[in-house]
Structure formats: structure tokens, C-alpha cells
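Structure data follow from final-v1.cif (mmCIF, C-alpha atoms):
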data_run
#
loop_
_atom_site.label_atom_id
_atom_site.label_comp_id
_atom_site.auth_asym_id
_atom_site.auth_seq_id
_atom_site.Cartn_x
_atom_site.Cartn_y
_atom_site.Cartn_z
CA MET A 1 -14.73 -3.11 14.60
CA ILE A 2 -14.05 -6.85 14.83
CA LYS A 3 -10.82 -7.97 16.52
CA LEU A 4 -8.94 -11.04 15.31
CA ASN A 5 -6.21 -12.78 17.34
CA ILE A 6 -3.23 -14.08 15.40
CA LYS A 7 -0.33 -16.22 16.67
CA THR A 8 2.84 -16.19 14.60
CA HIS A 9 5.52 -18.86 14.87
CA LYS A 10 8.59 -17.60 13.03
CA GLN A 11 10.67 -14.41 12.71
CA THR A 12 9.17 -13.70 9.28
CA GLU A 13 6.02 -15.45 8.16
CA MET A 14 3.03 -15.00 5.85
CA LEU A 15 -0.14 -16.35 7.48
CA ASP A 16 -3.24 -16.91 5.34
CA ILE A 17 -6.11 -15.29 7.31
CA THR A 18 -8.72 -15.36 4.51
CA GLY A 19 -10.78 -18.05 6.26
CA GLU A 20 -10.86 -16.18 9.59
CA VAL A 21 -11.85 -12.91 7.90
CA GLN A 22 -14.64 -14.66 5.95
CA GLU A 23 -15.85 -16.34 9.17
CA GLN A 24 -16.04 -13.01 11.00
CA ILE A 25 -18.02 -11.55 8.09
CA ASN A 26 -20.44 -14.48 8.29
CA GLN A 27 -20.86 -14.05 12.06
CA ALA A 28 -21.40 -10.28 11.74
CA GLY A 29 -23.96 -10.85 8.99
CA ILE A 30 -22.17 -8.45 6.63
CA ASN A 31 -23.69 -8.63 3.16
CA THR A 32 -22.34 -6.09 0.69
CA GLY A 33 -19.73 -3.34 0.86
CA LEU A 34 -16.04 -2.73 1.34
CA ILE A 35 -14.16 -4.53 4.11
CA THR A 36 -10.93 -3.08 5.52
CA VAL A 37 -8.49 -5.29 7.41
CA PHE A 38 -6.12 -3.12 9.49
CA ILE A 39 -2.97 -4.26 11.30
CA PRO A 40 -2.32 -2.32 14.56
CA HIS A 41 1.41 -3.17 14.59
CA THR A 42 4.57 -1.47 13.29
CA THR A 43 6.66 -4.58 12.60
CA ALA A 44 3.97 -6.57 10.80
CA GLY A 45 1.93 -5.80 7.70
CA ILE A 46 -0.79 -7.23 5.50
CA THR A 47 -1.00 -8.12 1.83
CA ILE A 48 -3.07 -9.98 -0.73
CA ASN A 49 -1.16 -12.55 -2.78
CA GLU A 50 -1.18 -16.13 -4.07
CA GLY A 51 -2.74 -18.75 -1.83
CA ALA A 52 -2.03 -21.89 -3.90
CA ASP A 53 1.71 -22.70 -3.89
CA PRO A 54 3.51 -22.23 -0.51
CA ASP A 55 6.72 -21.63 -2.50
CA VAL A 56 5.37 -18.19 -3.43
CA GLN A 57 5.27 -17.13 0.22
CA ARG A 58 8.71 -18.69 0.75
CA ASP A 59 10.13 -16.76 -2.24
CA MET A 60 8.44 -13.51 -1.18
CA LEU A 61 9.89 -13.68 2.34
CA MET A 62 13.33 -14.76 1.06
CA GLU A 63 13.44 -11.81 -1.33
CA ILE A 64 12.05 -9.10 1.00
CA ASN A 65 14.56 -10.25 3.65
CA LYS A 66 17.29 -9.79 1.01
CA ILE A 67 16.04 -6.37 -0.16
CA VAL A 68 15.79 -5.15 3.45
CA PRO A 69 18.61 -6.91 5.35
CA PHE A 70 18.09 -7.72 9.06
CA GLN A 71 21.35 -5.90 9.86
CA ASP A 72 22.43 -2.80 7.92
CA GLY A 73 23.90 -0.22 10.29
CA TYR A 74 20.52 0.60 11.84
CA ARG A 75 20.51 2.79 14.97
CA HIS A 76 17.17 1.77 16.56
CA ALA A 77 18.19 0.02 19.78
CA GLU A 78 15.53 -2.69 19.60
CA GLY A 79 17.30 -4.12 16.55
CA ASN A 80 14.16 -4.61 14.48
CA SER A 81 14.38 -1.65 12.06
CA ALA A 82 14.25 -4.02 9.07
CA ALA A 83 10.83 -5.19 10.26
CA HIS A 84 9.58 -1.59 10.49
CA ILE A 85 10.65 -0.93 6.88
CA LYS A 86 9.05 -4.16 5.59
CA ALA A 87 5.81 -3.25 7.41
CA SER A 88 5.65 0.07 5.53
CA LEU A 89 6.54 -1.50 2.17
CA PHE A 90 3.74 -4.09 2.48
CA GLY A 91 1.29 -1.69 4.15
CA SER A 92 -0.97 -1.63 7.21
CA SER A 93 -4.33 -2.36 5.59
CA VAL A 94 -6.06 -4.07 2.67
CA GLN A 95 -9.48 -3.45 1.17
CA VAL A 96 -11.68 -6.28 -0.08
CA ILE A 97 -15.08 -6.01 -1.72
CA CYS A 98 -17.85 -8.11 -0.14
CA GLU A 99 -20.96 -9.21 -2.12
CA ASN A 100 -23.80 -11.38 -0.80
CA GLY A 101 -21.74 -12.15 2.29
CA ARG A 102 -18.71 -13.40 0.34
CA LEU A 103 -15.27 -11.78 0.07
CA GLN A 104 -14.64 -11.03 -3.61
CA LEU A 105 -11.09 -12.15 -4.31
CA GLY A 106 -9.39 -13.16 -7.55
CA THR A 107 -8.98 -16.90 -8.25
CA TRP A 108 -5.49 -17.11 -6.74
CA GLN A 109 -5.80 -14.43 -4.05
CA SER A 110 -5.58 -14.92 -0.28
CA ILE A 111 -5.24 -12.35 2.50
CA TYR A 112 -1.92 -12.67 4.36
CA PHE A 113 -0.93 -11.38 7.77
CA CYS A 114 2.78 -10.61 7.33
CA GLU A 115 4.98 -11.14 10.40
CA PHE A 116 8.35 -9.41 10.16
CA ASP A 117 9.48 -9.56 13.81
CA GLY A 118 8.02 -12.67 15.35
CA PRO A 119 7.10 -14.96 16.78
CA ARG A 120 4.45 -12.94 18.64
CA SER A 121 0.79 -12.66 19.58
CA ARG A 122 -0.73 -10.26 17.05
CA HIS A 123 -4.03 -8.71 16.04
CA ALA A 124 -5.98 -7.68 12.95
CA TRP A 125 -8.94 -5.31 13.05
CA ILE A 126 -11.80 -5.66 10.56
CA GLN A 127 -13.95 -2.64 9.71
CA TYR A 128 -16.97 -2.59 7.34
CA MET B 1 -12.96 16.37 2.07
CA ILE B 2 -10.72 18.11 4.61
CA LYS B 3 -7.47 19.65 3.33
CA LEU B 4 -4.35 19.68 5.49
CA ASN B 5 -1.29 21.88 4.76
CA ILE B 6 2.10 20.31 5.39
CA LYS B 7 5.53 21.97 5.24
CA THR B 8 8.53 19.68 4.82
CA HIS B 9 12.07 20.74 5.64
CA LYS B 10 14.42 18.12 4.18
CA GLN B 11 14.88 16.13 0.95
CA THR B 12 13.52 12.98 2.60
CA GLU B 13 11.56 13.20 5.82
CA MET B 14 8.87 11.36 7.79
CA LEU B 15 6.50 13.85 9.46
CA ASP B 16 4.13 12.62 12.19
CA ILE B 17 0.71 14.06 11.26
CA THR B 18 -1.38 11.97 13.70
CA GLY B 19 -2.17 14.99 15.87
CA GLU B 20 -3.34 17.14 12.94
CA VAL B 21 -5.53 14.33 11.57
CA GLN B 22 -7.10 13.77 15.02
CA GLU B 23 -7.70 17.52 15.40
CA GLN B 24 -9.48 17.70 12.02
CA ILE B 25 -11.65 14.75 13.05
CA ASN B 26 -12.56 16.55 16.28
CA GLN B 27 -13.42 19.76 14.40
CA ALA B 28 -15.54 17.91 11.82
CA GLY B 29 -17.35 16.07 14.61
CA ILE B 30 -16.62 12.67 13.05
CA ASN B 31 -17.64 9.89 15.42
CA THR B 32 -17.35 6.38 13.98
CA GLY B 33 -16.23 4.96 10.66
CA LEU B 34 -13.25 4.59 8.37
CA ILE B 35 -10.99 7.59 7.71
CA THR B 36 -8.86 7.76 4.56
CA VAL B 37 -5.85 10.07 4.40
CA PHE B 38 -4.86 10.63 0.75
CA ILE B 39 -1.67 12.31 -0.52
CA PRO B 40 -2.21 14.25 -3.80
CA HIS B 41 1.50 14.13 -4.74
CA THR B 42 3.66 11.80 -6.83
CA THR B 43 6.96 12.26 -4.99
CA ALA B 44 5.59 11.92 -1.46
CA GLY B 45 3.67 9.11 0.23
CA ILE B 46 2.04 8.16 3.50
CA THR B 47 2.54 5.33 5.95
CA ILE B 48 1.72 4.17 9.47
CA ASN B 49 4.73 3.20 11.58
CA GLU B 50 6.39 3.64 14.98
CA GLY B 51 5.97 7.00 16.67
CA ALA B 52 8.16 6.44 19.75
CA ASP B 53 11.85 6.30 18.77
CA PRO B 54 13.00 8.84 16.11
CA ASP B 55 15.76 6.35 15.18
CA VAL B 56 13.11 4.20 13.50
CA GLN B 57 12.26 6.99 11.05
CA ARG B 58 15.97 7.68 10.55
CA ASP B 59 16.64 3.98 9.81
CA MET B 60 13.60 3.72 7.50
CA LEU B 61 14.69 6.72 5.41
CA MET B 62 18.35 5.59 5.36
CA GLU B 63 17.33 2.15 4.11
CA ILE B 64 14.72 3.21 1.52
CA ASN B 65 17.25 5.73 0.14
CA LYS B 66 19.69 2.81 -0.19
CA ILE B 67 17.17 0.43 -1.79
CA VAL B 68 16.11 3.13 -4.27
CA PRO B 69 19.27 5.22 -4.96
CA PHE B 70 18.86 8.92 -5.80
CA GLN B 71 20.89 8.38 -8.99
CA ASP B 72 20.64 5.15 -10.98
CA GLY B 73 20.65 5.90 -14.70
CA TYR B 74 17.14 7.39 -14.61
CA ARG B 75 15.92 9.22 -17.75
CA HIS B 76 13.26 11.54 -16.24
CA ALA B 77 14.68 15.04 -16.75
CA GLU B 78 13.51 16.42 -13.42
CA GLY B 79 15.98 14.11 -11.67
CA ASN B 80 13.53 12.90 -9.01
CA SER B 81 12.62 9.43 -10.31
CA ALA B 82 13.79 7.85 -7.06
CA ALA B 83 11.15 9.89 -5.22
CA HIS B 84 8.42 8.67 -7.60
CA ILE B 85 9.37 5.03 -6.93
CA LYS B 86 9.48 5.54 -3.15
CA ALA B 87 6.04 7.19 -3.30
CA SER B 88 4.57 4.09 -4.98
CA LEU B 89 6.33 1.68 -2.60
CA PHE B 90 4.94 3.48 0.47
CA GLY B 91 1.57 4.25 -1.12
CA SER B 92 -0.72 7.24 -1.58
CA SER B 93 -3.28 6.60 1.17
CA VAL B 94 -3.84 5.00 4.56
CA GLN B 95 -7.06 3.86 6.22
CA VAL B 96 -7.67 4.31 9.93
CA ILE B 97 -10.69 3.20 11.92
CA CYS B 98 -12.37 5.90 14.03
CA GLU B 99 -14.48 5.07 17.10
CA ASN B 100 -16.19 7.58 19.40
CA GLY B 101 -14.27 10.37 17.73
CA ARG B 102 -10.86 8.79 18.31
CA LEU B 103 -8.47 7.36 15.69
CA GLN B 104 -7.94 3.68 16.52
CA LEU B 105 -4.21 3.06 16.20
CA GLY B 106 -1.99 0.38 17.73
CA THR B 107 0.09 1.34 20.80
CA TRP B 108 3.18 2.30 18.80
CA GLN B 109 1.51 3.55 15.61
CA SER B 110 1.63 7.08 14.19
CA ILE B 111 0.57 8.38 10.76
CA TYR B 112 3.53 9.71 8.77
CA PHE B 113 3.57 12.03 5.76
CA CYS B 114 6.60 10.78 3.79
CA GLU B 115 8.53 13.43 1.86
CA PHE B 116 10.81 11.99 -0.81
CA ASP B 117 11.60 15.14 -2.86
CA GLY B 118 11.56 18.09 -0.46
CA PRO B 119 11.62 20.50 1.05
CA ARG B 120 8.21 21.62 -0.24
CA SER B 121 4.73 22.83 0.67
CA ARG B 122 2.52 19.74 0.60
CA HIS B 123 -1.05 18.63 1.25
CA ALA B 124 -2.98 15.70 2.68
CA TRP B 125 -6.70 15.16 2.05
CA ILE B 126 -8.89 13.49 4.66
CA GLN B 127 -12.09 11.69 3.59
CA TYR B 128 -14.60 10.01 5.93
CA MET C 1 -18.93 -3.54 -8.21
CA ILE C 2 -17.92 -2.39 -11.68
CA LYS C 3 -15.61 -4.65 -13.71
CA LEU C 4 -12.99 -3.18 -16.04
CA ASN C 5 -11.18 -5.21 -18.73
CA ILE C 6 -7.51 -4.43 -19.23
CA LYS C 7 -5.18 -5.77 -21.94
CA THR C 8 -1.46 -5.55 -21.22
CA HIS C 9 1.18 -5.78 -23.95
CA LYS C 10 4.54 -6.25 -22.21
CA GLN C 11 6.09 -8.31 -19.41
CA THR C 12 6.13 -5.28 -17.11
CA GLU C 13 4.04 -2.23 -17.90
CA MET C 14 2.29 0.70 -16.21
CA LEU C 15 -1.05 1.42 -17.89
CA ASP C 16 -2.85 4.69 -17.15
CA ILE C 17 -6.47 3.72 -16.40
CA THR C 18 -7.61 7.08 -14.98
CA GLY C 19 -9.83 7.80 -18.00
CA GLU C 20 -11.58 4.41 -17.85
CA VAL C 21 -12.19 4.73 -14.11
CA GLN C 22 -13.61 8.26 -14.55
CA GLU C 23 -15.83 7.02 -17.41
CA GLN C 24 -17.23 4.19 -15.26
CA ILE C 25 -17.96 6.71 -12.49
CA ASN C 26 -19.81 8.90 -14.99
CA GLN C 27 -21.85 5.95 -16.28
CA ALA C 28 -22.72 4.78 -12.77
CA GLY C 29 -23.74 8.31 -11.80
CA ILE C 30 -21.47 8.30 -8.75
CA ASN C 31 -21.35 11.76 -7.21
CA THR C 32 -19.43 12.00 -3.94
CA GLY C 33 -17.54 9.51 -1.80
CA LEU C 34 -14.54 7.24 -1.75
CA ILE C 35 -13.78 5.03 -4.76
CA THR C 36 -11.70 1.86 -4.36
CA VAL C 37 -10.02 0.28 -7.38
CA PHE C 38 -9.09 -3.33 -6.59
CA ILE C 39 -6.89 -5.65 -8.68
CA PRO C 40 -7.96 -9.34 -8.48
CA HIS C 41 -4.52 -10.64 -9.55
CA THR C 42 -1.39 -11.77 -7.69
CA THR C 43 1.21 -10.79 -10.30
CA ALA C 44 -0.15 -7.30 -11.04
CA GLY C 45 -0.75 -4.32 -8.80
CA ILE C 46 -2.05 -0.77 -8.83
CA THR C 47 -0.54 2.59 -7.94
CA ILE C 48 -1.05 6.33 -8.28
CA ASN C 49 1.89 8.22 -9.78
CA GLU C 50 2.90 10.81 -12.37
CA GLY C 51 0.93 10.89 -15.60
CA ALA C 52 2.88 13.57 -17.49
CA ASP C 53 6.32 12.27 -18.49
CA PRO C 54 6.44 8.62 -19.77
CA ASP C 55 10.06 8.50 -18.59
CA VAL C 56 8.78 8.32 -15.01
CA GLN C 57 6.98 5.04 -15.73
CA ARG C 58 10.04 3.79 -17.62
CA ASP C 59 12.31 4.65 -14.67
CA MET C 60 9.91 3.15 -12.13
CA LEU C 61 9.73 -0.18 -13.99
CA MET C 62 13.50 -0.24 -14.65
CA GLU C 63 14.21 0.31 -10.94
CA ILE C 64 11.62 -2.09 -9.48
CA ASN C 65 12.87 -4.79 -11.90
CA LYS C 66 16.37 -4.13 -10.52
CA ILE C 67 15.29 -4.15 -6.85
CA VAL C 68 13.36 -7.40 -7.38
CA PRO C 69 15.32 -9.38 -10.05
CA PHE C 70 13.37 -11.69 -12.39
CA GLN C 71 15.69 -14.56 -11.40
CA ASP C 72 17.04 -14.88 -7.86
CA GLY C 73 17.00 -18.50 -6.77
CA TYR C 74 13.21 -18.58 -6.47
CA ARG C 75 11.56 -22.00 -5.95
CA HIS C 76 8.04 -21.31 -7.31
CA ALA C 77 7.82 -23.51 -10.42
CA GLU C 78 5.89 -21.00 -12.52
CA GLY C 79 8.98 -18.76 -12.54
CA ASN C 80 7.12 -15.55 -11.78
CA SER C 81 7.93 -15.05 -8.08
CA ALA C 82 9.42 -11.62 -8.82
CA ALA C 83 6.02 -10.53 -10.13
CA HIS C 84 4.30 -11.73 -6.93
CA ILE C 85 6.70 -9.67 -4.79
CA LYS C 86 6.28 -6.55 -6.95
CA ALA C 87 2.49 -6.93 -6.70
CA SER C 88 2.68 -6.85 -2.88
CA LEU C 89 5.12 -3.93 -2.83
CA PHE C 90 2.85 -1.81 -5.04
CA GLY C 91 -0.37 -3.08 -3.47
CA SER C 92 -3.70 -4.50 -4.63
CA SER C 93 -5.93 -1.42 -4.29
CA VAL C 94 -5.99 2.38 -4.33
CA GLN C 95 -8.50 4.80 -2.83
CA VAL C 96 -9.54 7.98 -4.61
CA ILE C 97 -11.91 10.65 -3.35
CA CYS C 98 -14.78 11.56 -5.72
CA GLU C 99 -16.55 14.96 -5.56
CA ASN C 100 -19.36 16.12 -7.84
CA GLY C 101 -18.74 13.15 -10.09
CA ARG C 102 -15.02 13.88 -10.56
CA LEU C 103 -12.06 11.86 -9.27
CA GLN C 104 -10.02 14.13 -7.00
CA LEU C 105 -6.40 13.61 -7.94
CA GLY C 106 -3.36 15.85 -7.50
CA THR C 107 -2.17 17.86 -10.53
CA TRP C 108 0.32 15.22 -11.68
CA GLN C 109 -1.47 12.08 -10.49
CA SER C 110 -2.81 9.26 -12.67
CA ILE C 111 -4.05 5.79 -11.68
CA TYR C 112 -1.83 3.01 -13.07
CA PHE C 113 -2.57 -0.67 -13.55
CA CYS C 114 0.84 -2.29 -12.96
CA GLU C 115 1.55 -5.43 -14.99
CA PHE C 116 4.43 -7.49 -13.63
CA ASP C 117 3.92 -10.80 -15.50
CA GLY C 118 2.39 -9.97 -18.86
CA PRO C 119 1.26 -9.68 -21.46
CA ARG C 120 -2.18 -10.85 -20.29
CA SER C 121 -5.90 -10.09 -20.19
CA ARG C 122 -6.50 -8.50 -16.79
CA HIS C 123 -9.25 -6.94 -14.70
CA ALA C 124 -9.81 -4.11 -12.22
CA TRP C 125 -12.82 -3.92 -9.93
CA ILE C 126 -14.27 -0.56 -8.88
CA GLN C 127 -16.24 -0.27 -5.63
CA TYR C 128 -17.93 2.86 -4.31
#
Write the structure described by the file as C-alpha cells, please.
Amino acid sequence: MIKLNIKTHKQTEMLDITGEVQEQINQAGINTGLITVFIPHTTAGITINEGADPDVQRDMLMEINKIVPFQDGYRHAEGNSAAHIKASLFGSSVQVICENGRLQLGTWQSIYFCEFDGPRSRHAWIQY
Amino acid sequence: MIKLNIKTHKQTEMLDITGEVQEQINQAGINTGLITVFIPHTTAGITINEGADPDVQRDMLMEINKIVPFQDGYRHAEGNSAAHIKASLFGSSVQVICENGRLQLGTWQSIYFCEFDGPRSRHAWIQY
Amino acid sequence: MIKLNIKTHKQTEMLDITGEVQEQINQAGINTGLITVFIPHTTAGITINEGADPDVQRDMLMEINKIVPFQDGYRHAEGNSAAHIKASLFGSSVQVICENGRLQLGTWQSIYFCEFDGPRSRHAWIQY
């Protein structure tokens, strides 16, 4: 298992970690197989989505924050129930195929760490 | 493949199955690798989220039942379309890294079987 | 990696690809293990859900299109931000256990390619 450190800067944020994941794969000398990136947090998730236009990430966060409001009569005393729900809707891991040492992603795809209760120091775990 | 029996008790419910999954891993003598827990149902799902405060599960169910109402002009005659949608939003499998025979989860993480159309007798399948 | 070609016919559509995935597994002579089906797109996803009553797919699409409206003050110039969000909510890959050459799915489960910005020519990648 490879551990990645991630620093988030906002309350909700999508951070492109494709480059870091690829770099770890290079360093580990991984060639071919399935890579899993797992998020060991309950108020952050991970997803694969468009890496070209930053407006996509802006729209995605705007809309998920509207679908799951920050305040909605939640009981959890920490006040971050919305972040827990968003984490489960986006999911805690992604799978990416690796061939000849390269992550196989579609033309527009990037891997995003999804912060829903930041800013914080976070982690991602890579398994192959 | 290891088969797990699960009994749910409410219409919507998040059941912590971390202990049962760990026990099956112990019994199978699994040491290191990636574990997949797969749910063979279409009105139940699986997720990884906070295992400490039961209010988190309560808030998550309250909110997902609000986002996807039980009744909303659905056509499916069985009357459980909302459960089908929730199952797809949460997902049908989770991946967890295993090292030295122990599931590697974040401090606050538990594995939850998510019942969206109970109570029922359910199953989870573990593959390693 | 096995590449599957998929042709979608509507703006939003759930296409049952279970048969094609099983056929590729037969042709590749895969016997036992975990199969990953990965979608290399950012406005389409994949899910496992009911394959019996077409009304379930109809209800699922009707409801997700209501939860994530096509227009909602999005900034992304291409006008398909809703599709990007739906893709992340459904997810970019599914895992299915394979035993003796057969996909192990629950009684009612089928694998669905989920088009959220069609119609288009699409792909699915199978890794084992």
C-alpha cells in the first residue's frame, strides 16, 4: 500500500490527484494491472471526472452542495452530516486500469480527491 | 467467494458489517491484498462511512430518503423504485485493502450494508 | 484489457450490457476472479440494478434527472454539467465476481451502461 498526503484548502473542493497517482506508480515500478485508490476518510470521497474545464468541478460542487444542504435538521453534533452523505454518494474508492506503467483513463478523465469538510490534511491509499 | 447472511429490521437501515467481514477474513486465512464486498441485491447497497456516532447513520438515511422520496410518480408496480435509485447512488460494492490479515480502514470508517427496501433476509459476497 | 463498443440512442439511457460482458469473458476464457468494468467517459457512468422490469430504468432516469436538473445555473460552456454530476453519483466502474466462467450476479441484477449526455458512440473497458 502506498500512502499519499493531500492538503485541502476549502470546505468543499475537488483536487486533481492524477499526476501524484501516476508518479507513485512510476516509483513503485507498477506495470500492468488494476490500481485501487482508497480514501480513509468519512467526510471526503473520490471520483473520476473531467479534468479540462475547471467550471465542471465548480458546477459539480455547487450542485452536490444544493442536493445535500449543509444544514437540514441533522442531529450529528459535529455538524458535518452533509459531508458524510456526500462522501457515500461519491464513494470511497476508484479503480483504474494500468498498462505498461501508464494509468488508462479516457481523454477527459482525471482522478479527483473530493473534500466535503475541509480544509484539512488528508490521505489517499493506493493498492495494486 | 465467501457468502455472508444479513438480516435487516427496518425499511431503510445502515448495518455495520465490519466485524463479520473481518471474521470471515480471519477464517479464510487471508493475509494481504484487496477485498471486495459485493451486494447481490438491487434495492440494497453498501458504503463505507462513520462508525462512531449513530446519529450519522440516522442523518444519512433521513437525507437520502428526502433526496429520493419513497413516492414520486414512479411507474414500477412493486412500489420500490426509490430503493432501486438509492442502491445505485450508494453502489453495489466496496474495496478494502487488507494487510497482515487486518482490514485497513481509516480511524472512523466502518463498512455498512445499506437496506433501502426492508426488512428482509439479505446477503453480501466477499471476494479476495 | 478488453474494449467494448456501445451505441446509445437517447440523451439519458440505461443500457443492459450484461450479455456483452459475459460474451467477452467467454471469448477471453476467463474462469474465476474479479472482473472490473470501467467507463472511460465523464458524462456516462455504470451501475448494477434490476434487469427485469423496464419501468425500473425509466423511474431511475426520471428521478436522477429530477435530482440533478439539466439546467441549474451551471457555468460549464458545453451545457452538460448535469451529466458530469450524474456520472460521479453513479460511478465509473463496477466489480463483479466471476466463477467457472460465469458472472456472479444476484437474481435480479444486470450491468447497465448509463448514458447521461447522449446519444453517442461510447466504450466500456473490461479488466480481469
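Our summary of the geometry notes that CA of Ala87 in chain B is positioned 20.5 Å from CA of Glu63 in chain A.
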Residue hits in chain C, query chain A, radius 9 Å, all atoms listed in the file, as a ChimeraX atom specification: /C:1,36,38-43,67-68,72-77,80-82,84-85,87-94,125,127-128
Export of prior selection with C-alpha atoms as a compact mmCIF listing (two decimals), keeping the file's coordinate frame:
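Okay, this is what ended up in part_13.txt:
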# COMPACT_ATOMS: atom_id res chain seq x y z
CA MET C 1 -18.93 -3.54 -8.21
CA THR C 36 -11.70 1.86 -4.36
CA PHE C 38 -9.09 -3.33 -6.59
CA ILE C 39 -6.89 -5.65 -8.68
CA PRO C 40 -7.96 -9.34 -8.48
CA HIS C 41 -4.52 -10.64 -9.55
CA THR C 42 -1.39 -11.77 -7.69
CA THR C 43 1.21 -10.79 -10.30
CA ILE C 67 15.29 -4.15 -6.85
CA VAL C 68 13.36 -7.40 -7.38
CA ASP C 72 17.04 -14.88 -7.86
CA GLY C 73 17.00 -18.50 -6.77
CA TYR C 74 13.21 -18.58 -6.47
CA ARG C 75 11.56 -22.00 -5.95
CA HIS C 76 8.04 -21.31 -7.31
CA ALA C 77 7.82 -23.51 -10.42
CA ASN C 80 7.12 -15.55 -11.78
CA SER C 81 7.93 -15.05 -8.08
CA ALA C 82 9.42 -11.62 -8.82
CA HIS C 84 4.30 -11.73 -6.93
CA ILE C 85 6.70 -9.67 -4.79
CA ALA C 87 2.49 -6.93 -6.70
CA SER C 88 2.68 -6.85 -2.88
CA LEU C 89 5.12 -3.93 -2.83
CA PHE C 90 2.85 -1.81 -5.04
CA GLY C 91 -0.37 -3.08 -3.47
CA SER C 92 -3.70 -4.50 -4.63
CA SER C 93 -5.93 -1.42 -4.29
CA VAL C 94 -5.99 2.38 -4.33
CA TRP C 125 -12.82 -3.92 -9.93
CA GLN C 127 -16.24 -0.27 -5.63
CA TYR C 128 -17.93 2.86 -4.31
Determine the residue membership of the PyMOL selection byres ((chain B and resi 16) around 9) for the file above and supply it as a PyMOL selection string. chain B and resi 14-15+17-20+51+110-114
In Å, how far is it from CA of Arg102 in chain A to CA of Ala124 in chain C? 18.0 Å
Expansion of the PyMOL selection byres ((chain A and resi 118) around 9) into residues, as a list of chain:residue names: A:Thr8, A:His9, A:Lys10, A:Gln11, A:Thr12, A:Glu13, A:Thr43, A:Ala44, A:Glu115, A:Phe116, A:Asp117, A:Pro119, A:Arg120, A:Ser121
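Computed from the coordinates, the CA of Glu78 in chain C to CA of Ala52 in chain A distance equals 11.7 Å.
Evaluated against this file, the PyMOL selection byres ((chain C and resi 26) around 12) yields C:Ile2, C:Gly19, C:Glu20, C:Val21, C:Gln22, C:Glu23, C:Gln24, C:Ile25, C:Gln27, C:Ala28, C:Gly29, C:Ile30, C:Asn31, C:Thr32, C:Cys98, C:Glu99, C:Asn100, C:Gly101, C:Arg102, C:Leu103.
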If I only have part of range 99-114 of chain B, can you fill in N, CA, C and O atoms and write it as a tab-separated table (two decimals), in the coordinates of the input?
chain	number	residue	atom	x	y	z
B	99	GLU	N	-13.38	5.47	16.21
B	99	GLU	CA	-14.48	5.07	17.10
B	99	GLU	C	-14.66	6.13	18.18
B	99	GLU	O	-13.67	6.54	18.80
B	100	ASN	N	-15.89	6.55	18.41
B	100	ASN	CA	-16.19	7.58	19.40
B	100	ASN	C	-15.28	8.80	19.25
B	100	ASN	O	-14.78	9.35	20.23
B	101	GLY	N	-15.05	9.18	17.99
B	101	GLY	CA	-14.27	10.37	17.73
B	101	GLY	C	-12.77	10.23	17.85
B	101	GLY	O	-12.03	11.20	17.67
B	102	ARG	N	-12.30	9.01	18.15
B	102	ARG	CA	-10.86	8.79	18.31
B	102	ARG	C	-10.30	7.85	17.25
B	102	ARG	O	-10.86	6.78	16.99
B	103	LEU	N	-9.18	8.24	16.61
B	103	LEU	CA	-8.47	7.36	15.69
B	103	LEU	C	-8.06	6.11	16.46
B	103	LEU	O	-7.51	6.21	17.57
B	104	GLN	N	-8.32	4.93	15.88
B	104	GLN	CA	-7.94	3.68	16.52
B	104	GLN	C	-6.62	3.21	15.92
B	104	GLN	O	-6.59	2.66	14.83
B	105	LEU	N	-5.54	3.46	16.66
B	105	LEU	CA	-4.21	3.06	16.20
B	105	LEU	C	-3.61	2.11	17.23
B	105	LEU	O	-3.97	2.15	18.41
B	106	GLY	N	-2.69	1.24	16.80
B	106	GLY	CA	-1.99	0.38	17.73
B	106	GLY	C	-1.11	1.23	18.65
B	106	GLY	O	-0.80	2.39	18.34
B	107	THR	N	-0.69	0.65	19.76
B	107	THR	CA	0.09	1.34	20.80
B	107	THR	C	1.24	2.18	20.24
B	107	THR	O	1.46	3.30	20.70
B	108	TRP	N	1.96	1.63	19.29
B	108	TRP	CA	3.18	2.30	18.80
B	108	TRP	C	2.97	3.02	17.48
B	108	TRP	O	3.91	3.57	16.91
B	109	GLN	N	1.73	3.00	16.96
B	109	GLN	CA	1.51	3.55	15.61
B	109	GLN	C	1.27	5.06	15.55
B	109	GLN	O	0.51	5.61	16.36
B	110	SER	N	1.91	5.70	14.57
B	110	SER	CA	1.63	7.08	14.19
B	110	SER	C	1.43	7.12	12.68
B	110	SER	O	1.90	6.24	11.97
B	111	ILE	N	0.75	8.18	12.20
B	111	ILE	CA	0.57	8.38	10.76
B	111	ILE	C	1.67	9.32	10.29
B	111	ILE	O	1.83	10.42	10.83
B	112	TYR	N	2.41	8.91	9.28
B	112	TYR	CA	3.53	9.71	8.77
B	112	TYR	C	3.32	10.18	7.33
B	112	TYR	O	3.09	9.36	6.44
B	113	PHE	N	3.43	11.50	7.11
B	113	PHE	CA	3.57	12.03	5.76
B	113	PHE	C	5.03	11.77	5.38
B	113	PHE	O	5.94	12.12	6.14
B	114	CYS	N	5.25	11.16	4.21
B	114	CYS	CA	6.60	10.78	3.79
B	114	CYS	C	7.06	11.63	2.62
B	114	CYS	O	6.62	11.45	1.49
